$ cat target08.csv   # CSV, C-alpha atoms
chain,number,residue,atom,x,y,z
L,1,PRO,CA,8.0,-31.9,-47.9
L,2,VAL,CA,4.8,-33.5,-49.0
L,3,GLY,CA,3.0,-35.3,-46.2
L,4,THR,CA,0.3,-38.0,-46.2
L,5,ILE,CA,-2.2,-38.6,-43.4
L,6,THR,CA,-2.4,-42.3,-42.4
L,7,GLY,CA,-4.5,-43.2,-39.4
L,8,GLY,CA,-4.3,-39.6,-38.1
L,9,VAL,CA,-0.5,-39.5,-38.3
L,10,VAL,CA,1.3,-37.1,-40.7
L,11,GLU,CA,4.2,-38.9,-42.4
L,12,ILE,CA,6.9,-36.7,-43.9
L,13,PRO,CA,9.8,-38.4,-45.6
L,14,ASN,CA,13.4,-37.6,-45.0
L,15,VAL,CA,12.9,-35.9,-41.7
L,16,ILE,CA,15.6,-36.3,-39.0
L,17,GLU,CA,15.0,-35.1,-35.5
L,18,VAL,CA,16.7,-31.8,-34.5
L,19,THR,CA,17.6,-30.7,-31.1
L,20,MET,CA,15.9,-27.4,-30.1
L,21,VAL,CA,16.6,-25.4,-27.0
L,22,ILE,CA,14.4,-22.6,-25.8
L,23,SER,CA,15.9,-20.2,-23.2
L,24,ASP,CA,12.7,-19.8,-21.3
L,25,THR,CA,9.5,-21.8,-21.8
L,26,THR,CA,7.4,-19.8,-19.3
L,27,PRO,CA,8.2,-16.2,-20.2
L,28,ASP,CA,6.1,-13.1,-19.4
L,29,PHE,CA,4.5,-11.1,-22.2
L,30,GLY,CA,7.1,-8.9,-23.8
L,31,ASP,CA,10.1,-11.1,-22.7
L,32,THR,CA,12.6,-12.0,-25.4
L,33,ILE,CA,13.3,-15.8,-25.7
L,34,THR,CA,16.0,-17.4,-27.7
L,35,ILE,CA,15.3,-20.5,-29.7
L,36,THR,CA,18.3,-22.5,-30.9
L,37,ALA,CA,18.1,-25.4,-33.3
L,38,THR,CA,20.9,-27.9,-33.7
L,39,PRO,CA,20.6,-30.7,-36.3
L,40,THR,CA,23.0,-33.6,-36.1
L,41,ASN,CA,22.8,-35.4,-39.4
L,42,ILE,CA,22.4,-32.7,-42.0
L,43,VAL,CA,23.9,-29.3,-42.8
L,44,PRO,CA,20.9,-27.0,-43.3
L,45,THR,CA,20.9,-24.0,-45.6
L,46,SER,CA,17.8,-22.5,-44.0
L,47,TYR,CA,15.7,-22.6,-40.9
L,48,LEU,CA,12.0,-21.9,-40.5
L,49,PHE,CA,10.7,-21.0,-37.0
L,50,PHE,CA,7.0,-20.6,-36.3
L,51,ALA,CA,4.5,-21.0,-33.5
L,52,TRP,CA,1.0,-22.5,-33.4
L,53,ARG,CA,-1.8,-22.2,-30.8
L,54,SER,CA,-4.0,-25.3,-31.0
L,55,ASP,CA,-7.1,-24.0,-29.2
L,56,THR,CA,-7.6,-21.0,-31.5
L,57,ASP,CA,-5.7,-22.6,-34.5
L,58,GLU,CA,-3.5,-19.5,-34.9
L,59,PHE,CA,-0.2,-19.6,-36.8
L,60,LYS,CA,2.5,-17.1,-36.1
L,61,PHE,CA,5.6,-16.8,-38.3
L,62,LEU,CA,8.7,-16.0,-36.4
L,63,GLN,CA,11.7,-16.2,-38.7
L,64,GLU,CA,13.1,-17.8,-41.9
L,65,SER,CA,16.8,-17.4,-42.6
L,66,ALA,CA,20.1,-19.2,-42.7
L,67,SER,CA,20.5,-18.7,-38.9
L,68,ASN,CA,19.8,-21.5,-36.5
L,69,VAL,CA,19.0,-19.0,-33.8
L,70,CYS,CA,15.7,-17.1,-33.5
L,71,ASN,CA,15.0,-14.4,-30.9
L,72,TRP,CA,11.3,-13.9,-30.2
L,73,THR,CA,10.0,-11.0,-28.2
L,74,THR,CA,6.7,-12.6,-27.2
L,75,ASP,CA,3.7,-10.6,-28.3
L,76,VAL,CA,1.0,-13.2,-27.6
L,77,VAL,CA,-0.2,-15.0,-24.5
L,78,ASN,CA,-1.3,-18.6,-23.5
L,79,THR,CA,0.4,-21.8,-24.6
L,80,TRP,CA,2.0,-22.1,-28.1
L,81,SER,CA,3.8,-24.9,-29.8
L,82,VAL,CA,7.1,-23.5,-31.2
L,83,HIS,CA,8.4,-25.3,-34.3
L,84,VAL,CA,11.5,-25.3,-36.3
L,85,ILE,CA,12.1,-26.9,-39.7
L,86,ALA,CA,15.7,-27.1,-41.0
L,87,ASP,CA,16.3,-27.7,-44.8
L,88,ASP,CA,19.6,-28.7,-46.3
L,89,GLY,CA,18.4,-27.7,-49.8
L,90,VAL,CA,18.7,-31.2,-51.3
L,91,GLY,CA,15.7,-32.9,-49.8
L,92,GLN,CA,16.5,-33.6,-46.2
L,93,PHE,CA,14.8,-31.9,-43.3
L,94,SER,CA,15.1,-31.7,-39.6
L,95,ALA,CA,12.2,-30.7,-37.4
L,96,ALA,CA,11.3,-30.2,-33.7
L,97,CYS,CA,8.7,-28.6,-31.5
L,98,GLN,CA,8.3,-27.5,-27.9
L,99,ALA,CA,5.6,-25.9,-25.8
L,100,VAL,CA,6.0,-22.3,-24.5
L,101,THR,CA,3.5,-20.8,-22.1
L,102,ILE,CA,3.5,-17.0,-22.1
L,103,ALA,CA,2.0,-15.2,-19.1
L,104,PRO,CA,0.0,-12.0,-19.6
L,105,ASP,CA,0.8,-8.7,-18.0
L,106,THR,CA,-1.0,-8.8,-14.6
L,107,ASP,CA,-2.7,-5.4,-15.1
L,108,ALA,CA,-3.8,-6.2,-18.6
L,109,GLU,CA,-5.2,-9.5,-17.4
L,110,ALA,CA,-7.0,-7.8,-14.6
L,111,TRP,CA,-8.9,-5.5,-17.0
L,112,LEU,CA,-9.6,-8.2,-19.5
L,113,ASP,CA,-10.9,-10.6,-16.9
L,114,PHE,CA,-13.1,-7.9,-15.3
L,115,VAL,CA,-14.8,-7.0,-18.5
L,116,SER,CA,-15.2,-10.7,-19.4
L,117,ILE,CA,-13.3,-10.8,-22.7
L,118,PRO,CA,-12.3,-14.4,-23.0
L,119,ASP,CA,-8.8,-15.5,-24.2
L,120,ASP,CA,-10.2,-17.8,-26.9
L,121,GLY,CA,-11.6,-17.9,-30.4
L,122,THR,CA,-14.8,-16.1,-29.5
L,123,ILE,CA,-15.6,-13.8,-32.5
L,124,TYR,CA,-16.6,-10.2,-32.1
L,125,PHE,CA,-18.2,-8.2,-35.0
L,126,SER,CA,-18.3,-11.2,-37.4
L,127,GLY,CA,-18.1,-10.4,-41.1
L,128,THR,CA,-17.1,-6.8,-40.6
L,129,SER,CA,-13.8,-5.1,-41.1
L,130,GLN,CA,-13.4,-4.9,-37.3
L,131,GLU,CA,-13.8,-8.7,-36.8
L,132,VAL,CA,-11.6,-9.8,-34.0
L,133,THR,CA,-11.3,-12.7,-31.5
L,134,GLY,CA,-11.1,-12.6,-27.8
L,135,ALA,CA,-7.6,-14.0,-28.0
L,136,GLN,CA,-6.6,-11.1,-30.3
L,137,TYR,CA,-8.0,-8.6,-27.8
L,138,TRP,CA,-5.8,-10.2,-25.2
L,139,TYR,CA,-2.7,-9.7,-27.3
L,140,TYR,CA,-3.5,-6.1,-28.2
L,141,VAL,CA,-4.4,-5.0,-24.7
L,142,ASN,CA,-1.3,-6.7,-23.3
L,143,ALA,CA,0.8,-4.9,-25.9
L,144,LEU,CA,-0.7,-1.6,-25.0
L,145,VAL,CA,-0.2,-2.0,-21.3
L,146,PHE,CA,3.3,-3.4,-21.8
L,147,GLY,CA,4.2,-0.4,-24.0
L,148,LEU,CA,2.8,2.1,-21.6
L,149,LYS,CA,4.9,0.6,-18.8
L,150,ALA,CA,8.0,0.4,-21.0
L,151,ASP,CA,7.6,4.1,-21.8
L,152,GLY,CA,7.1,5.1,-18.2
L,153,LEU,CA,3.5,6.2,-18.8
L,154,TRP,CA,1.6,3.6,-16.9
L,155,SER,CA,2.2,5.1,-13.5
L,156,SER,CA,1.1,8.6,-14.7
L,157,GLY,CA,-2.3,7.4,-15.9
L,158,TYR,CA,-5.6,8.1,-14.1
L,159,TYR,CA,-8.2,6.7,-16.4
L,160,ALA,CA,-8.3,5.2,-19.9
L,161,TYR,CA,-11.3,3.8,-21.6
L,162,LEU,CA,-10.9,1.3,-24.4
L,163,TYR,CA,-14.0,1.4,-26.6
L,164,ILE,CA,-13.6,-2.2,-27.8
L,165,GLY,CA,-16.0,-5.2,-27.6
L,166,GLY,CA,-19.1,-3.1,-28.5
L,167,SER,CA,-20.8,-2.8,-25.1
L,168,SER,CA,-21.1,-0.1,-22.4
L,169,ALA,CA,-20.3,-2.7,-19.8
L,170,ILE,CA,-16.8,-2.8,-21.3
L,171,HIS,CA,-16.5,0.8,-22.3
L,172,LYS,CA,-17.1,2.1,-18.8
L,173,ILE,CA,-14.3,0.3,-17.1
L,174,ASN,CA,-11.0,2.1,-16.4
L,175,LEU,CA,-8.0,0.3,-17.7
L,176,PHE,CA,-5.9,1.6,-14.9
L,177,ASN,CA,-8.3,0.5,-12.1
L,178,PRO,CA,-10.8,-2.1,-13.4
L,179,LEU,CA,-13.6,-1.9,-10.8
L,180,ASP,CA,-17.2,-0.9,-11.3
L,181,THR,CA,-17.1,1.9,-8.8
L,182,ASP,CA,-17.0,5.7,-8.8
L,183,GLY,CA,-13.7,5.7,-6.9
L,184,ALA,CA,-12.1,3.7,-9.7
L,185,PHE,CA,-13.2,6.3,-12.2
L,186,ARG,CA,-15.7,4.2,-14.1
L,187,ALA,CA,-17.5,6.1,-16.8
L,188,ASP,CA,-21.2,6.4,-16.3
L,189,PHE,CA,-22.9,6.8,-19.6
L,190,ASN,CA,-25.9,9.0,-19.8
L,191,GLY,CA,-28.3,9.6,-22.8
L,192,GLY,CA,-28.5,7.8,-26.1
L,193,TRP,CA,-24.9,6.7,-26.8
L,194,THR,CA,-24.3,4.2,-29.5
L,195,HIS,CA,-21.8,1.4,-28.5
L,196,ASP,CA,-20.6,-0.7,-31.4
L,197,GLU,CA,-17.5,-2.0,-33.2
L,198,PHE,CA,-16.3,1.6,-33.9
L,199,GLY,CA,-16.4,2.7,-30.2
L,200,ILE,CA,-18.9,5.2,-28.8
L,201,THR,CA,-21.0,7.7,-30.7
L,202,THR,CA,-22.8,10.8,-29.5
L,203,ASN,CA,-26.4,11.8,-30.4
L,204,GLY,CA,-25.8,15.6,-29.9
L,205,THR,CA,-28.7,15.9,-27.5
L,206,ASN,CA,-28.1,14.3,-24.2
L,207,THR,CA,-25.0,12.1,-24.4
L,208,TYR,CA,-22.3,12.4,-21.8
L,209,ALA,CA,-20.3,10.2,-19.5
L,210,ASP,CA,-19.3,11.0,-16.0
L,211,THR,CA,-15.7,9.9,-15.2
L,212,HIS,CA,-16.0,10.7,-11.5
L,213,PHE,CA,-12.5,12.2,-11.8
L,214,ASN,CA,-12.1,15.6,-10.1
L,215,PRO,CA,-8.9,17.2,-11.5
L,216,ASN,CA,-8.7,19.7,-8.6
L,217,THR,CA,-8.4,16.7,-6.2
L,218,HIS,CA,-6.0,14.5,-8.2
L,219,LEU,CA,-3.8,16.8,-10.3
L,220,SER,CA,-1.1,19.3,-9.3
L,221,VAL,CA,-0.4,22.8,-10.4
L,222,ASN,CA,0.9,23.0,-14.0
L,223,ASP,CA,0.0,19.4,-14.6
L,224,GLY,CA,-2.4,17.3,-16.6
L,225,ALA,CA,-3.0,15.7,-20.0
L,226,PHE,CA,-6.0,14.4,-21.9
L,227,VAL,CA,-5.8,12.1,-24.9
L,228,VAL,CA,-8.6,11.2,-27.4
L,229,TYR,CA,-8.8,9.1,-30.5
L,230,THR,CA,-11.6,10.3,-32.7
L,231,ARG,CA,-12.8,8.5,-35.8
L,232,VAL,CA,-15.6,10.9,-36.8
L,233,SER,CA,-14.9,14.4,-35.6
L,234,GLN,CA,-17.1,17.4,-34.9
L,235,THR,CA,-17.6,19.8,-37.8
L,236,GLY,CA,-18.4,23.0,-35.9
L,237,SER,CA,-22.1,23.0,-36.6
L,238,VAL,CA,-22.7,23.4,-32.8
L,239,THR,CA,-20.7,24.5,-29.8
L,240,GLY,CA,-19.9,21.1,-28.4
L,241,TYR,CA,-17.2,19.8,-26.1
L,242,ASP,CA,-15.5,16.5,-26.4
L,243,TRP,CA,-14.4,16.5,-22.7
L,244,GLY,CA,-14.1,18.6,-19.7
L,245,ALA,CA,-15.3,20.5,-16.6
L,246,LEU,CA,-15.8,24.2,-15.9
L,247,ASP,CA,-15.6,25.7,-12.3
L,248,THR,CA,-16.5,29.3,-12.6
L,249,ALA,CA,-16.3,30.0,-8.9
L,250,GLY,CA,-12.9,28.4,-8.6
L,251,SER,CA,-11.5,29.9,-11.8
L,252,GLY,CA,-10.7,26.5,-13.1
L,253,VAL,CA,-11.3,24.7,-16.4
L,254,ASP,CA,-10.0,21.5,-18.0
L,255,SER,CA,-11.7,21.0,-21.3
L,256,PHE,CA,-11.5,20.4,-25.0
L,257,ALA,CA,-13.9,21.5,-27.7
L,258,SER,CA,-12.3,20.2,-30.9
L,259,LYS,CA,-14.4,22.5,-33.2
L,260,ILE,CA,-17.1,25.0,-32.3
L,261,THR,CA,-17.3,26.8,-35.6
L,262,SER,CA,-15.7,26.1,-39.0
L,263,ASP,CA,-12.4,27.6,-37.9
L,264,ARG,CA,-12.3,27.7,-34.1
L,265,SER,CA,-11.5,25.3,-31.3
L,266,PHE,CA,-11.2,25.7,-27.5
L,267,PHE,CA,-9.0,23.9,-25.0
L,268,GLY,CA,-7.8,24.5,-21.4
L,269,MET,CA,-5.8,22.7,-18.9
L,270,GLY,CA,-6.0,24.4,-15.5
L,271,ALA,CA,-6.6,27.9,-16.9
L,272,ILE,CA,-9.9,29.8,-16.7
L,273,THR,CA,-8.9,31.5,-20.0
L,274,GLN,CA,-9.2,28.8,-22.7
L,275,VAL,CA,-6.9,28.8,-25.7
L,276,ASN,CA,-9.2,29.6,-28.7
L,277,GLY,CA,-9.3,30.7,-32.3
L,278,ILE,CA,-7.3,27.7,-33.5
L,279,ALA,CA,-8.1,26.4,-37.0
L,280,VAL,CA,-7.3,22.6,-37.4
L,281,SER,CA,-8.2,20.8,-40.6
L,282,ASP,CA,-7.9,17.2,-39.4
L,283,LEU,CA,-9.4,16.4,-36.0
L,284,THR,CA,-9.5,12.7,-36.4
L,285,GLY,CA,-6.9,10.3,-35.0
L,286,CYS,CA,-5.0,10.8,-31.8
L,287,HIS,CA,-5.0,14.3,-30.3
L,288,ILE,CA,-3.4,15.2,-26.9
L,289,ILE,CA,-4.0,18.2,-24.7
L,290,THR,CA,-1.4,18.8,-22.1
L,291,ARG,CA,-0.1,21.2,-19.6
L,292,ASP,CA,3.5,20.5,-20.5
L,293,ASN,CA,5.5,19.4,-17.5
L,294,ASP,CA,8.7,20.9,-18.8
L,295,SER,CA,7.6,24.4,-19.7
L,296,ALA,CA,4.2,24.6,-17.9
L,297,ASN,CA,2.7,25.8,-21.3
L,298,GLN,CA,-0.7,24.5,-22.5
L,299,LYS,CA,-0.2,22.5,-25.6
L,300,TRP,CA,-2.4,20.8,-28.2
L,301,ILE,CA,-0.5,18.1,-30.1
L,302,GLY,CA,-2.1,16.8,-33.3
L,303,ASN,CA,-2.4,13.4,-34.8
L,304,ASP,CA,0.9,13.6,-36.6
L,305,GLY,CA,2.9,15.0,-33.6
L,306,THR,CA,2.6,18.6,-34.8
L,307,VAL,CA,2.2,21.1,-31.9
L,308,LEU,CA,-1.0,22.9,-33.0
L,309,ALA,CA,-1.0,25.4,-30.2
L,310,ASN,CA,1.5,26.3,-27.5
L,311,SER,CA,0.2,28.8,-25.0
L,312,PRO,CA,1.9,30.3,-22.0
L,313,THR,CA,-1.4,31.1,-20.4
L,314,ALA,CA,-0.8,30.9,-16.6
L,315,PHE,CA,-2.2,28.2,-14.5
L,316,SER,CA,-5.2,29.4,-12.4
L,317,ALA,CA,-6.9,26.2,-11.1
L,318,HIS,CA,-8.2,22.8,-12.1
L,319,ALA,CA,-12.0,22.5,-12.2
L,320,ASP,CA,-13.4,21.3,-8.9
L,321,TYR,CA,-16.0,19.1,-10.7
L,322,SER,CA,-16.0,15.6,-12.2
L,323,GLU,CA,-14.9,15.6,-15.8
L,324,TYR,CA,-17.4,14.6,-18.5
L,325,LEU,CA,-16.9,12.9,-21.8
L,326,GLY,CA,-18.9,14.0,-24.8
L,327,ALA,CA,-19.9,17.2,-23.1
L,328,ARG,CA,-18.7,19.7,-20.5
L,329,ASN,CA,-19.6,19.6,-16.8
L,330,SER,CA,-20.4,23.3,-16.4
L,331,ASN,CA,-20.5,24.0,-12.7
L,332,GLY,CA,-22.2,20.6,-12.0
L,333,THR,CA,-24.5,20.4,-15.0
L,334,ALA,CA,-24.0,18.6,-18.3
L,335,SER,CA,-24.0,21.1,-21.2
L,336,LEU,CA,-22.5,21.8,-24.6
L,337,TYR,CA,-22.9,18.3,-25.9
L,338,ALA,CA,-20.6,17.1,-28.7
L,339,GLU,CA,-22.1,17.2,-32.1
L,340,SER,CA,-24.3,14.3,-33.2
L,341,GLY,CA,-22.4,11.4,-34.8
L,342,THR,CA,-19.0,12.2,-33.2
L,343,ASN,CA,-17.3,8.9,-32.7
L,344,TYR,CA,-14.5,8.1,-30.3
L,345,SER,CA,-12.4,4.9,-30.0
L,346,LEU,CA,-10.3,5.8,-26.8
L,347,MET,CA,-10.1,8.5,-24.2
L,348,GLY,CA,-7.6,8.9,-21.3
L,349,ARG,CA,-6.3,11.1,-18.5
L,350,PHE,CA,-2.6,11.4,-17.5
L,351,ASP,CA,-0.2,13.6,-15.7
L,352,GLY,CA,1.3,16.3,-17.8
L,353,LEU,CA,3.3,15.0,-20.8
L,354,SER,CA,6.5,16.2,-22.3
L,355,ASP,CA,6.7,16.2,-26.1
L,356,ALA,CA,8.6,13.0,-26.0
L,357,GLN,CA,6.1,11.3,-23.8
L,358,ALA,CA,3.2,12.5,-26.0
L,359,THR,CA,5.0,11.0,-29.0
L,360,SER,CA,5.3,7.7,-27.2
L,361,LEU,CA,1.7,7.7,-26.1
L,362,ARG,CA,0.4,8.6,-29.5
L,363,GLY,CA,2.5,5.8,-31.0
L,364,ARG,CA,1.1,3.2,-28.7
L,365,ILE,CA,-2.5,4.3,-29.3
L,366,ASP,CA,-2.0,4.4,-33.1
L,367,THR,CA,-0.6,0.9,-33.0
L,368,LEU,CA,-3.7,-0.3,-31.1
L,369,MET,CA,-6.0,1.3,-33.5
L,370,GLY,CA,-4.2,-0.2,-36.5
L,371,GLN,CA,-4.5,-3.7,-34.9
L,372,LEU,CA,-8.2,-3.2,-34.4
L,373,ASN,CA,-8.7,-1.7,-38.0
L,374,LEU,CA,-10.0,1.5,-36.4
L,375,ASN,CA,-7.2,3.7,-37.6
L,376,VAL,CA,-8.0,6.8,-39.6

$ encode --input "target08.csv" --output "structure tokens"
Amino acid sequence: PVGTITGGVVEIPNVIEVTMVISDTTPDFGDTITITATPTNIVPTSYLFFAWRSDTDEFKFLQESASNVCNWTTDVVNTWSVHVIADDGVGQFSAACQAVTIAPDTDAEAWLDFVSIPDDGTIYFSGTSQEVTGAQYWYYVNALVFGLKADGLWSSGYYAYLYIGGSSAIHKINLFNPLDTDGAFRADFNGGWTHDEFGITTNGTNTYADTHFNPNTHLSVNDGAFVVYTRVSQTGSVTGYDWGALDTAGSGVDSFASKITSDRSFFGMGAITQVNGIAVSDLTGCHIITRDNDSANQKWIGNDGTVLANSPTAFSAHADYSEYLGARNSNGTASLYAESGTNYSLMGRFDGLSDAQATSLRGRIDTLMGQLNLNV
């Protein structure tokens, strides 16, 4: 219908009120609510369902079909006005709206509040391909946390750093335990890191981050996984590690050097003998190193789910040192810095993952990177 504005009121001809019932007007993020529209004076041929958030002026299309029932699995938070317009195809319409307030996941909310990302229209990285609002960050982080819980992965996580928002103050805080303390595994950045819309970038000289996570203390035998999302990968021009710790005296190593020459990579998960000599062409995207909790093998799972290496190297020990990002903690000293210009968008530590769990984790991370326009 064509509307005219008179004194601030929108007048739409031939509109008859419709009854709308929503199964739950205060759902939690991820809940499915059912919206049912019942017109009394017309026989509609189509129904349009949508939602609108007034404070950020966001519109969300829900469904357009011949059905008067719409099931919405909530993927936003805050208060939205849910609307339905029913059309009988010959010029008569029925319309209704009702408020729905969607509660965020409590763990996602705790992290977002701690790093001071507002749930509003605040714009980050204006005018770039990565432009995003605070409200959108709330939706995306809620979706990630909800997905990790749905997949049974949340309880197995130790640290995860989301390199969003463009500041070290955000990048250092652990998603699983949002406190600015060593015990919460905050990442202490050292050296000349670049923090921007793309995440964190190394300088190849002195950049590393101390996670304060000691794998020998927190992980079990034949256990452990590390995940990284890389936008700009190492080329092999230097021997540089993306992550890890080496404990020579304790015969333990947990580490990943994605490329140390043009055709060689190193990784280890609780084994002093690292898996090496692997040639991988594409080191960007989501890569997972795991001591598989089904077979106890060390595995490197690539960005498309391909198992790039599957080694039966026996477990010896986890390193008895804090793990570093962007370098290796070699017996208590930062060394073997990742190549200059290496760019990361996410890093995380979990218990050992099966192939199915690794697939689920990669899928959740890939979705997040797509939402942020950081995918490669």

$ closest_atom_pairs --input "target08.csv" --of "range 174-264 of chain L" --to "range 297-304 of chain L" --cutoff "10 Å" --atoms "all atoms listed in the file" --output "Markdown table"
| residue | atom | partner | partner_atom | distance |
| --- | --- | --- | --- | --- |
| L:Asn222 | CA | L:Asn297 | CA | 8.0 |
| L:Asp223 | CA | L:Gln298 | CA | 9.4 |
| L:Gly224 | CA | L:Gln298 | CA | 9.5 |
| L:Ala225 | CA | L:Lys299 | CA | 9.2 |
| L:Phe226 | CA | L:Trp300 | CA | 9.7 |
| L:Val227 | CA | L:Ile301 | CA | 9.5 |
| L:Val228 | CA | L:Asn303 | CA | 9.9 |
| L:Tyr229 | CA | L:Asn303 | CA | 8.8 |
| L:Thr230 | CA | L:Asn303 | CA | 9.9 |
| L:Phe256 | CA | L:Trp300 | CA | 9.7 |

$ closest_residue --input "target08.csv" --among "L:Met347, L:Ala187, L:Ala86, L:Val253" --to "Thr211 in chain L" --atoms "only C-alpha atoms"
L:Ala187

$ closest_residue --input "target08.csv" --among "L:Tyr137, L:Trp52, L:Trp243, L:Trp80" --to "Asp120 in chain L" --atoms "only C-alpha atoms"
L:Tyr137

$ residues_around --input "target08.csv" --residues "Asn216 in chain L" --least-positions-apart "5" --cutoff "8 Å" --atoms "only C-alpha atoms" --output "ChimeraX atom specification"
/L:317-321

$ residues_around --input "target08.csv" --residues "Asp88 in chain L" --least-positions-apart "3" --cutoff "6 Å" --atoms "all atoms listed in the file" --output "number ranges by chain"
L: 43-45, 92

$ closest_residue --input "target08.csv" --among "L:Gly236, L:Pro104, L:Gly89, L:Gly147" --to "Pro27 in chain L" --atoms "all atoms listed in the file"
L:Pro104

$ closest_residue --input "target08.csv" --among "L:Phe267, L:Phe185, L:Phe176, L:Tyr163" --to "Leu368 in chain L" --atoms "only C-alpha atoms"
L:Tyr163

$ closest_residue --input "target08.csv" --among "L:His195, L:His171, L:Arg328, L:His218" --to "Asp247 in chain L" --atoms "all atoms listed in the file"
L:Arg328

$ closest_residue --input "target08.csv" --among "L:Thr34, L:Ser155, L:Asn214, L:Thr101" --to "Gln63 in chain L" --atoms "only C-alpha atoms"
L:Thr34

$ atom_distance --input "target08.csv" --atom1 "CA of Asn190 in chain L" --atom2 "CA of Gly332 in chain L"
14.5 Å

$ atom_distance --input "target08.csv" --atom1 "CA of Arg264 in chain L" --atom2 "CA of Ala327 in chain L"
17.0 Å

$ residues_around --input "target08.csv" --residues "Asn142 in chain L" --least-positions-apart "5" --cutoff "12 Å" --atoms "only C-alpha atoms" --output "VMD selection string"
chain L and resid 28 to 30 74 to 78 102 to 112 119 135 to 137 147 to 150 175 364 368

$ residues_near_point --input "target08.csv" --point "(-5.1, 29.4, -14.1)" --cutoff "7 Å" --atoms "only C-alpha atoms" --output "ChimeraX atom specification"
/L:251-252,270-272,314-317

$ atom_distance --input "target08.csv" --atom1 "CA of Asp31 in chain L" --atom2 "CA of Ser360 in chain L"
19.9 Å

$ residues_near_point --input "target08.csv" --point "(-22.6, 9.2, -15.4)" --cutoff "12 Å" --atoms "all atoms listed in the file" --output "number ranges by chain"
L: 168, 172, 181-182, 185-191, 193, 206-213, 322-327, 329, 332-334
